[in-house]
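Note: the block below is structure11.cif and it holds mmCIF, C-alpha atoms.
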data_protein
#
loop_
_atom_site.label_atom_id
_atom_site.label_comp_id
_atom_site.auth_asym_id
_atom_site.auth_seq_id
_atom_site.Cartn_x
_atom_site.Cartn_y
_atom_site.Cartn_z
CA ASN E 677 -250.33 -75.92 105.95
CA VAL E 678 -253.92 -75.46 104.75
CA ALA E 679 -255.13 -73.75 107.98
CA SER E 680 -252.43 -71.08 107.86
CA MET E 681 -253.15 -70.45 104.20
CA ALA E 682 -256.82 -69.90 104.97
CA ILE E 683 -256.11 -67.40 107.75
CA ARG E 684 -253.55 -65.40 105.77
CA ARG E 685 -255.10 -62.36 104.14
CA ARG E 686 -254.21 -61.06 100.74
CA LYS E 687 -252.62 -57.61 100.70
CA LYS E 688 -253.14 -55.25 97.79
CA ARG E 689 -249.61 -54.10 97.15
CA ARG E 690 -250.41 -51.83 94.22
CA THR E 691 -253.01 -49.72 95.97
CA HIS E 692 -251.59 -49.70 99.50
CA ARG E 693 -248.97 -47.02 99.04
CA THR E 694 -247.66 -45.06 101.97
CA GLN E 695 -247.84 -41.32 101.40
CA THR E 696 -244.51 -39.68 102.15
CA LEU E 697 -244.02 -36.40 103.93
CA GLU E 698 -242.78 -34.82 100.69
CA ASN E 699 -246.10 -35.59 98.98
CA ASP E 700 -247.95 -34.02 101.90
CA LYS E 701 -246.05 -30.77 101.38
CA ILE E 702 -246.89 -30.52 97.67
CA PRO E 703 -249.34 -27.63 97.17
CA ARG E 704 -252.62 -28.67 95.59
CA SER E 705 -255.30 -26.44 94.14
CA PHE E 706 -258.91 -26.21 93.00
CA VAL E 707 -259.58 -24.08 89.93
CA PHE E 708 -263.22 -23.28 89.25
CA ALA E 709 -265.66 -20.59 88.18
CA LYS E 710 -268.14 -19.02 90.58
CA GLY E 711 -271.46 -17.63 89.43
CA HIS E 712 -272.37 -16.89 85.85
CA VAL E 713 -269.29 -16.47 83.63
CA SER E 714 -268.84 -15.85 79.94
CA THR E 715 -267.81 -18.55 77.49
CA ALA E 716 -264.29 -17.10 77.20
CA ALA E 717 -263.93 -17.01 80.99
CA SER E 718 -265.09 -20.62 81.21
CA GLU E 719 -262.38 -21.62 78.72
CA LEU E 720 -259.89 -19.58 80.75
CA VAL E 721 -260.68 -21.78 83.75
CA GLY E 722 -259.69 -24.83 81.70
CA ASP E 723 -256.44 -23.19 80.61
CA ILE E 724 -255.54 -22.29 84.20
CA LYS E 725 -256.25 -25.87 85.25
CA ARG E 726 -253.91 -27.05 82.53
CA MET E 727 -251.23 -24.65 83.74
CA MET E 728 -251.57 -25.86 87.35
CA GLU E 729 -251.26 -29.55 86.48
CA PRO E 730 -250.50 -32.14 87.73
CA HIS E 731 -251.35 -31.11 91.33
CA THR E 732 -254.84 -29.80 90.64
CA ALA E 733 -258.30 -31.31 90.22
CA SER E 734 -258.44 -31.35 86.41
CA ARG E 735 -261.94 -32.82 86.30
CA LEU E 736 -263.46 -30.59 88.95
CA LYS E 737 -266.82 -29.19 87.84
CA ALA E 738 -268.59 -26.40 89.67
CA ARG E 739 -272.32 -25.86 89.53
CA LYS E 740 -274.06 -22.54 89.86
CA ARG E 741 -275.64 -23.49 93.17
CA ASN E 742 -272.29 -24.47 94.73
CA ARG E 743 -271.00 -22.08 97.35
CA LEU E 744 -267.45 -21.43 98.42
CA ARG E 745 -267.93 -23.31 101.68
CA ASP E 746 -268.90 -26.44 99.70
CA PHE E 747 -265.43 -26.48 98.18
CA VAL E 748 -263.85 -25.80 101.59
CA HIS E 749 -265.49 -28.91 103.04
CA VAL E 750 -264.16 -31.07 100.20
CA ALA E 751 -260.71 -29.46 100.14
CA GLY E 752 -259.68 -30.94 103.48
CA GLN E 753 -260.18 -34.49 102.21
CA PHE E 754 -257.78 -33.94 99.30
CA ASN E 755 -255.18 -31.78 101.10
CA VAL E 756 -255.99 -28.80 98.88
CA ASN E 757 -254.13 -25.62 99.83
CA PHE E 758 -255.30 -23.03 97.30
CA PHE E 759 -258.40 -21.91 95.44
CA LEU E 760 -258.21 -20.11 92.10
CA VAL E 761 -261.68 -18.71 91.48
CA VAL E 762 -262.74 -16.98 88.26
CA SER E 763 -265.83 -14.77 88.33
CA CYS E 764 -267.46 -12.17 86.11
CA THR E 765 -269.35 -8.98 86.95
CA GLU E 766 -270.52 -5.98 84.99
CA ARG E 767 -267.10 -4.39 85.52
CA GLY E 768 -265.13 -7.29 84.10
CA THR E 769 -263.45 -10.62 84.92
CA TYR E 770 -261.82 -11.32 88.28
CA LEU E 771 -259.41 -13.95 89.57
CA ARG E 772 -259.19 -14.67 93.29
CA ILE E 773 -256.27 -16.63 94.72
CA ALA E 774 -257.11 -17.83 98.23
CA ARG E 775 -255.22 -19.85 100.79
CA VAL E 776 -257.33 -22.64 102.27
CA PRO E 777 -258.89 -22.71 104.80
CA ARG E 778 -258.25 -19.38 106.56
CA GLY E 779 -256.93 -17.06 103.87
CA PRO E 780 -255.56 -14.63 102.91
CA THR E 781 -257.22 -13.88 99.56
CA LEU E 782 -255.81 -11.90 96.64
CA GLN E 783 -258.36 -10.45 94.26
CA TYR E 784 -257.13 -9.51 90.79
CA ARG E 785 -259.06 -7.76 88.07
CA VAL E 786 -258.21 -9.44 84.77
CA ARG E 787 -257.74 -6.55 82.37
CA LYS E 788 -256.85 -8.68 79.33
CA PHE E 789 -256.41 -12.37 78.65
CA SER E 790 -255.73 -14.67 75.72
CA LEU E 791 -256.62 -18.33 75.70
CA ALA E 792 -254.11 -21.07 74.89
CA SER E 793 -255.88 -21.67 71.58
CA ASP E 794 -255.48 -17.99 70.67
CA VAL E 795 -251.77 -18.08 71.48
CA ALA E 796 -251.28 -21.19 69.34
CA THR E 797 -253.00 -19.45 66.42
CA LEU E 798 -250.61 -16.49 66.63
CA LEU E 799 -247.45 -18.63 66.60
CA LYS E 800 -245.85 -19.70 63.35
CA ARG E 801 -244.74 -23.00 64.85
CA PRO E 802 -246.92 -23.70 67.91
CA HIS E 803 -245.82 -26.29 70.41
CA SER E 804 -247.68 -29.59 70.31
CA PRO E 805 -248.09 -30.49 73.99
CA ALA E 806 -247.29 -34.07 74.91
CA SER E 807 -248.65 -35.95 77.88
CA GLY E 808 -245.29 -35.72 79.63
CA ASP E 809 -245.31 -31.91 79.47
CA PHE E 810 -247.99 -31.77 82.15
CA ALA E 811 -246.90 -34.78 84.21
CA THR E 812 -244.59 -32.57 86.29
CA PRO E 813 -245.22 -29.11 87.76
CA PRO E 814 -243.80 -26.09 85.96
CA LEU E 815 -240.91 -23.96 87.11
CA LEU E 816 -241.89 -20.58 88.52
CA VAL E 817 -240.11 -17.30 87.75
CA LEU E 818 -241.19 -14.14 89.60
CA HIS E 819 -239.88 -10.79 88.43
CA GLY E 820 -240.48 -7.16 89.26
CA PHE E 821 -242.07 -7.53 92.70
CA ASN E 822 -240.97 -5.09 95.39
CA LYS E 823 -240.73 -6.82 98.75
CA GLU E 824 -240.71 -3.47 100.54
CA VAL E 825 -244.37 -2.98 99.55
CA LYS E 826 -246.62 -5.06 101.80
CA GLU E 827 -249.19 -6.15 99.22
CA GLN E 828 -246.49 -7.10 96.72
CA GLN E 829 -244.61 -9.05 99.38
CA LEU E 830 -247.81 -10.95 100.24
CA ALA E 831 -248.50 -11.58 96.56
CA THR E 832 -244.98 -12.99 96.16
CA VAL E 833 -245.48 -15.43 99.02
CA MET E 834 -248.89 -16.52 97.73
CA LEU E 835 -247.71 -17.03 94.15
CA GLN E 836 -244.64 -18.96 95.29
CA GLY E 837 -246.86 -21.26 97.34
CA LEU E 838 -248.89 -22.29 94.28
CA PHE E 839 -246.06 -24.49 92.98
CA PRO E 840 -243.71 -26.96 94.70
CA PRO E 841 -240.31 -25.59 95.76
CA ILE E 842 -237.20 -26.69 93.88
CA ASP E 843 -234.37 -28.61 95.49
CA VAL E 844 -231.37 -27.85 93.28
CA GLY E 845 -229.36 -30.71 94.76
CA THR E 846 -231.86 -33.41 93.78
CA LEU E 847 -233.51 -31.79 90.74
CA ASN E 848 -233.81 -33.94 87.64
CA ILE E 849 -233.82 -31.56 84.69
CA LYS E 850 -235.83 -34.02 82.60
CA ALA E 851 -238.80 -33.00 84.75
CA CYS E 852 -238.37 -29.34 83.72
CA ARG E 853 -240.79 -29.25 80.82
CA ARG E 854 -242.59 -25.94 81.42
CA VAL E 855 -242.01 -22.57 83.05
CA VAL E 856 -244.52 -20.02 84.34
CA LEU E 857 -243.35 -16.41 84.26
CA ILE E 858 -245.12 -13.85 86.47
CA HIS E 859 -243.87 -10.29 85.94
CA HIS E 860 -245.03 -7.23 87.87
CA ASP E 861 -244.70 -3.89 86.11
CA GLN E 862 -243.91 -1.23 88.70
CA GLU E 863 -244.87 1.65 86.37
CA THR E 864 -248.36 0.45 85.50
CA GLY E 865 -249.00 -1.77 88.55
CA PHE E 866 -250.12 -4.63 86.31
CA THR E 867 -249.10 -8.28 86.71
CA HIS E 868 -248.44 -10.35 83.57
CA VAL E 869 -248.61 -14.15 83.46
CA ARG E 870 -247.10 -16.30 80.71
CA GLN E 871 -246.48 -20.05 80.32
CA TYR E 872 -243.77 -21.54 78.09
CA ALA E 873 -242.64 -24.98 77.00
CA ILE E 874 -238.94 -25.69 77.47
CA ALA E 875 -236.77 -27.33 74.80
CA ALA E 876 -233.02 -27.82 74.51
CA ALA E 877 -231.38 -27.97 71.07
CA PRO E 878 -227.73 -29.00 70.56
CA THR E 879 -225.71 -26.28 68.83
CA GLY E 880 -223.16 -26.48 66.02
CA MET E 881 -224.66 -29.39 64.06
CA SER E 882 -226.87 -29.80 61.01
CA LYS E 883 -230.56 -30.60 61.08
CA GLY E 884 -229.90 -34.05 59.65
CA VAL E 885 -227.66 -35.02 62.58
CA LYS E 886 -230.20 -33.58 65.01
CA LYS E 887 -232.94 -35.73 63.51
CA VAL E 888 -230.84 -38.85 64.07
CA LEU E 889 -230.06 -37.88 67.67
CA ARG E 890 -233.65 -36.97 68.49
CA ALA E 891 -235.33 -39.89 66.75
CA PRO E 892 -236.67 -42.63 69.01
CA THR E 893 -235.34 -46.16 68.65
CA SER E 894 -238.21 -47.30 66.45
CA ALA E 895 -238.38 -49.82 63.64
CA LYS E 896 -239.22 -47.05 61.17
CA MET E 897 -236.03 -45.11 61.87
CA SER E 898 -233.96 -48.29 61.91
CA ALA E 899 -235.31 -49.18 58.48
CA ARG E 900 -234.38 -45.74 57.11
CA LEU E 901 -230.82 -46.00 58.40
CA ALA E 902 -230.49 -49.58 57.15
CA SER E 903 -231.29 -48.46 53.59
CA MET E 904 -228.27 -46.11 53.57
CA GLU E 905 -224.74 -47.19 52.84
CA ASP E 906 -223.08 -44.39 54.78
CA ILE E 907 -224.19 -42.13 57.62
CA ALA E 908 -222.91 -39.21 55.56
CA GLU E 909 -226.01 -39.54 53.39
CA VAL E 910 -228.06 -38.20 56.29
CA VAL E 911 -225.92 -35.06 56.44
CA GLU E 912 -225.36 -34.57 52.71
CA ARG E 913 -228.97 -35.06 51.70
CA ALA E 914 -230.47 -32.14 49.80
CA GLY E 915 -231.45 -29.37 52.13
CA PHE E 916 -229.26 -30.45 55.04
CA MET E 917 -226.17 -28.62 53.80
CA SER E 918 -227.92 -25.33 53.04
CA ASP E 919 -227.41 -22.23 55.14
CA SER E 920 -230.76 -22.79 56.84
CA GLY E 921 -229.88 -26.40 57.62
CA VAL E 922 -227.18 -25.61 60.17
CA GLU E 923 -227.88 -24.06 63.52
CA THR E 924 -226.02 -20.78 63.91
CA ASP E 925 -226.56 -20.29 67.64
CA MET E 926 -223.88 -18.17 69.27
CA ASP E 927 -221.77 -19.64 72.03
CA ASN E 928 -223.05 -16.94 74.35
CA ASP E 929 -226.61 -18.27 73.91
CA ALA E 930 -225.63 -21.87 74.64
CA VAL E 931 -225.35 -23.53 78.03
CA THR E 932 -223.59 -26.67 79.19
CA MET E 933 -226.10 -29.35 80.11
CA PRO E 934 -225.50 -30.61 83.68
CA GLN E 935 -227.54 -33.77 83.01
CA ASP E 936 -229.03 -35.69 80.12
CA TYR E 937 -232.13 -33.95 78.84
CA ARG E 938 -234.62 -34.76 76.09
CA ARG E 939 -234.38 -35.01 72.30
CA GLY E 940 -230.64 -35.46 71.90
CA ALA E 941 -229.47 -33.00 74.57
CA ARG E 942 -226.80 -34.88 76.53
CA GLN E 943 -224.72 -34.12 79.58
CA THR E 944 -221.74 -31.72 79.05
CA GLN E 945 -223.13 -30.83 75.61
CA GLN E 946 -223.56 -27.24 74.46
CA CYS E 947 -227.28 -26.62 73.96
CA ALA E 948 -229.50 -23.64 73.28
CA ILE E 949 -232.56 -23.34 75.53
CA LYS E 950 -235.67 -22.44 73.57
CA LEU E 951 -239.03 -21.36 74.96
CA THR E 952 -242.34 -21.67 73.12
CA GLU E 953 -245.37 -19.97 74.57
CA LEU E 954 -248.25 -22.23 75.53
CA GLY E 955 -250.75 -19.78 76.97
CA PRO E 956 -252.82 -18.49 78.54
CA ARG E 957 -251.77 -14.85 78.73
CA LEU E 958 -253.04 -12.76 81.61
CA GLU E 959 -252.75 -9.08 82.41
CA MET E 960 -254.06 -8.51 85.93
CA GLU E 961 -254.31 -5.76 88.50
CA LEU E 962 -254.37 -6.40 92.23
CA VAL E 963 -257.42 -4.57 93.61
CA LYS E 964 -257.98 -6.09 97.05
CA VAL E 965 -256.36 -8.25 99.73
CA GLN E 966 -258.50 -9.82 102.46
CA GLU E 967 -257.30 -11.46 105.64
CA GLY E 968 -259.68 -14.43 105.46
CA LEU E 969 -261.00 -16.75 102.78
CA ALA E 970 -262.80 -14.24 100.53
CA ASP E 971 -263.87 -12.48 103.73
CA GLY E 972 -262.47 -10.70 106.75
CA VAL E 973 -260.51 -7.51 107.21
CA VAL E 974 -259.45 -5.74 104.03
CA LEU E 975 -255.67 -5.45 104.28
CA TYR E 976 -255.29 -3.59 101.00
CA HIS E 977 -257.64 -1.91 98.57
CA LYS E 978 -256.49 -0.10 95.46
CA HIS E 979 -259.24 2.49 95.58
CA GLN E 980 -259.05 3.28 99.29
CA GLN E 981 -256.52 5.12 101.37
CA GLU E 982 -254.58 3.53 104.20
CA ARG E 983 -256.70 2.98 107.29
CA THR E 984 -255.91 4.04 110.81
CA PRO E 985 -255.53 1.44 113.60
CA GLU E 986 -258.95 2.42 114.97
CA GLU E 987 -260.59 1.80 111.59
CA LEU E 988 -258.87 -1.57 111.31
CA GLN E 989 -260.15 -2.59 114.74
CA ALA E 990 -263.68 -1.59 113.75
CA LEU E 991 -263.48 -3.63 110.54
CA GLU E 992 -262.12 -6.62 112.45
CA ALA E 993 -265.01 -6.40 114.90
CA ARG E 994 -267.49 -6.34 112.01
CA ALA E 995 -265.85 -9.39 110.43
CA LYS E 996 -266.05 -11.34 113.69
CA ALA E 997 -269.70 -10.36 114.10
CA ARG E 998 -270.46 -11.67 110.61
CA GLU E 999 -268.70 -14.96 111.37
CA ILE E 1000 -270.74 -15.37 114.58
CA ALA E 1001 -273.95 -14.63 112.70
CA ARG E 1002 -273.17 -17.20 110.01
CA ALA E 1003 -272.34 -19.87 112.58
#
Before we go any further, please render this structure as structure tokens.
Amino acid sequence: NVASMAIRRRKKRRTHRTQTLENDKIPRSFVFAKGHVSTAASELVGDIKRMMEPHTASRLKARKRNRLRDFVHVAGQFNVNFFLVVSCTERGTYLRIARVPRGPTLQYRVRKFSLASDVATLLKRPHSPASGDFATPPLLVLHGFNKEVKEQQLATVMLQGLFPPIDVGTLNIKACRRVVLIHHDQETGFTHVRQYAIAAAPTGMSKGVKKVLRAPTSAKMSARLASMEDIAEVVERAGFMSDSGVETDMDNDAVTMPQDYRRGARQTQQCAIKLTELGPRLEMELVKVQEGLADGVVLYHKHQQERTPEELQALEARAKAREIARA
């Protein structure tokens, strides 16, 4: 009746979405610059944001007067777990990776870095990123870390926590669009970071056939095929039957696709996995590990010897005294 219709309230079904436990466990991050940074370092912040997508605040803007505690207060509202802070001093550029809200904090000195735009300029055929490439988090590959060394073991745990874990049983390979490689060189002590775009190309067929398989079902492609009397014209067209027109990937380089992928790569098909670098490139050196959020006891310092238990207790007492004074 009319009375019941008047009492009934309208529910917004599109905006009232229940957040699942899985979404709560997804690591989220803030990437920002602290203090005065160079133009190149400011662009590096944007590239790192792009690498951390989609679970990062892409439009986050930091002002010079903002302090670290300002971001800590906001982080709790958005379930942010990590800070990636870029800063510059007279000695160089630094990247701090901190767990929110209580630490620990890894401080890296960035020895060298190349922006994504610089990497694209160096490549003969750079990858044109699509919107779907950054709609899912990248895969993470760690290599060269020694878990017997305490600071490297801690760095491994921190770096693994930046990205969501992979469930092999429920993984949809269509979501695997990027991979982040972090390699630690034991000889030099430097950590190298690279980001690549993933593509799968069917092997043993000409470029003409690949174009047909990869082409979307559009009116333009349908019109091209309709103008041909035989599908063989696609293969026998000039250029398609040349030596460069056929993929010569070895069987050892090909893998069997467990699921349907993108651009003509189908399940049970032999495909070659190709990686194209996206950038940025980073060469870093771990210089300090702190127990708290950019504060607290120094657990590791590259330029200091190992401390005795008495020295650690004294440093811990100093850290607590500073916290009491700030409160």
Inset, instruction - For the file shown, report as a list of chain:residue names the outcome of the PyMOL selection byres ((chain E and resi 850) around 7) at residue level. - result: E:Asn848, E:Ile849, E:Ala851, E:Cys852, E:Tyr937, E:Arg938
Would you mind exporting C-alpha atoms of the selected residues as a JSON list (two decimals), in the coordinates of the input?
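Full text of result_20.json as output:
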[["chain", "number", "residue", "atom", "x", "y", "z"],
["E", 848, "ASN", "CA", -233.81, -33.94, 87.64],
["E", 849, "ILE", "CA", -233.82, -31.56, 84.69],
["E", 851, "ALA", "CA", -238.80, -33.00, 84.75],
["E", 852, "CYS", "CA", -238.37, -29.34, 83.72],
["E", 937, "TYR", "CA", -232.13, -33.95, 78.84],
["E", 938, "ARG", "CA", -234.62, -34.76, 76.09]]
Inset, instruction - Excluding His819 of chain E and residues on its chain fewer than 4 positions from it, collect all residues at most 8 Å away from it, counting only C-alpha atoms, and give them as a list in words. - result: Leu857, Ile858, His859 and His860 of chain E
Inset, instruction - Fewer than 3 positions away in the same chain doesn't count, so skip those; otherwise give me all residues within 7 Å of Ala995 of chain E, counting all atoms listed in the file, as an NGL selection string. - result: :E and (972-973 or 991-992 or 998-999)
Inset, instruction - Run through the PyMOL selection byres ((chain E and resi 795-807) around 12) on the given coordinates and return the selected residues as a VMD selection string. - result: chain E and resid 723 726 to 727 729 to 730 789 to 794 808 to 812 853 to 854 870 to 875 950 to 958
Selected residues written out with C-alpha atoms, as a compact mmCIF listing (two decimals), keeping the file's coordinate frame:
# COMPACT_ATOMS: atom_id res chain seq x y z
CA ASP E 723 -256.44 -23.19 80.61
CA ARG E 726 -253.91 -27.05 82.53
CA MET E 727 -251.23 -24.65 83.74
CA GLU E 729 -251.26 -29.55 86.48
CA PRO E 730 -250.50 -32.14 87.73
CA PHE E 789 -256.41 -12.37 78.65
CA SER E 790 -255.73 -14.67 75.72
CA LEU E 791 -256.62 -18.33 75.70
CA ALA E 792 -254.11 -21.07 74.89
CA SER E 793 -255.88 -21.67 71.58
CA ASP E 794 -255.48 -17.99 70.67
CA GLY E 808 -245.29 -35.72 79.63
CA ASP E 809 -245.31 -31.91 79.47
CA PHE E 810 -247.99 -31.77 82.15
CA ALA E 811 -246.90 -34.78 84.21
CA THR E 812 -244.59 -32.57 86.29
CA ARG E 853 -240.79 -29.25 80.82
CA ARG E 854 -242.59 -25.94 81.42
CA ARG E 870 -247.10 -16.30 80.71
CA GLN E 871 -246.48 -20.05 80.32
CA TYR E 872 -243.77 -21.54 78.09
CA ALA E 873 -242.64 -24.98 77.00
CA ILE E 874 -238.94 -25.69 77.47
CA ALA E 875 -236.77 -27.33 74.80
CA LYS E 950 -235.67 -22.44 73.57
CA LEU E 951 -239.03 -21.36 74.96
CA THR E 952 -242.34 -21.67 73.12
CA GLU E 953 -245.37 -19.97 74.57
CA LEU E 954 -248.25 -22.23 75.53
CA GLY E 955 -250.75 -19.78 76.97
CA PRO E 956 -252.82 -18.49 78.54
CA ARG E 957 -251.77 -14.85 78.73
CA LEU E 958 -253.04 -12.76 81.61
Legend entry - Residues selected by the PyMOL selection byres ((chain E and resi 760-769) around 8), written as a list in words: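 Here the PyMOL selection byres ((chain E and resi 760-769) around 8) matches Ser705, Phe706, Val707, Phe708, Ala709, Lys710, Gly711, His712, Val713, Ser714, Ala717, Val721, Phe758, Phe759, Tyr770, Leu771, Arg772, Ile773, Ala774, Arg785, Val786 and Arg787 of chain E.
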Mind writing the picked residues with C-alpha atoms as a compact mmCIF listing (two decimals), keeping the file's coordinate frame?
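Okay, out.txt is ready:
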# COMPACT_ATOMS: atom_id res chain seq x y z
CA SER E 705 -255.30 -26.44 94.14
CA PHE E 706 -258.91 -26.21 93.00
CA VAL E 707 -259.58 -24.08 89.93
CA PHE E 708 -263.22 -23.28 89.25
CA ALA E 709 -265.66 -20.59 88.18
CA LYS E 710 -268.14 -19.02 90.58
CA GLY E 711 -271.46 -17.63 89.43
CA HIS E 712 -272.37 -16.89 85.85
CA VAL E 713 -269.29 -16.47 83.63
CA SER E 714 -268.84 -15.85 79.94
CA ALA E 717 -263.93 -17.01 80.99
CA VAL E 721 -260.68 -21.78 83.75
CA PHE E 758 -255.30 -23.03 97.30
CA PHE E 759 -258.40 -21.91 95.44
CA TYR E 770 -261.82 -11.32 88.28
CA LEU E 771 -259.41 -13.95 89.57
CA ARG E 772 -259.19 -14.67 93.29
CA ILE E 773 -256.27 -16.63 94.72
CA ALA E 774 -257.11 -17.83 98.23
CA ARG E 785 -259.06 -7.76 88.07
CA VAL E 786 -258.21 -9.44 84.77
CA ARG E 787 -257.74 -6.55 82.37
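You will find atom CA of His868 of chain E at 18.6 Å from atom CA of Thr781 of chain E.
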Legend entry - Straight-line distance linking atom CA of Val856 of chain E with atom CA of Asn757 of chain E, stated in Å to one decimal: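 Those two atoms sit 19.1 Å apart.
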Legend entry - Point-to-point distance in Å for atom CA of Val817 of chain E and atom CA of Ala948 of chain E: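 Computing it gives 19.0 Å between the two atoms.
Counting only C-alpha atoms, the residue from E:Gly968, E:Pro878, E:Pro934, E:Pro985 that sits nearest to Gln783 of chain E is E:Gly968.
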Inset, instruction - Just the residues within 10 Å of Gly837 of chain E, please, counting all atoms listed in the file, with nothing from its chain fewer than 5 positions along; format it as a count of residues only. - result: 8
Legend entry - Counting all atoms listed in the file, the option among E:Thr846, E:Leu975, E:Thr732, E:Glu967 closest to Lys996 of chain E: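 Of the candidates, the smallest distance to Lys996 of chain E is held by E:Glu967.
Closest to His731 of chain E among E:Gln862, E:Gln966, E:Gln829, E:Asn755 is E:Asn755, based on all atoms listed in the file.
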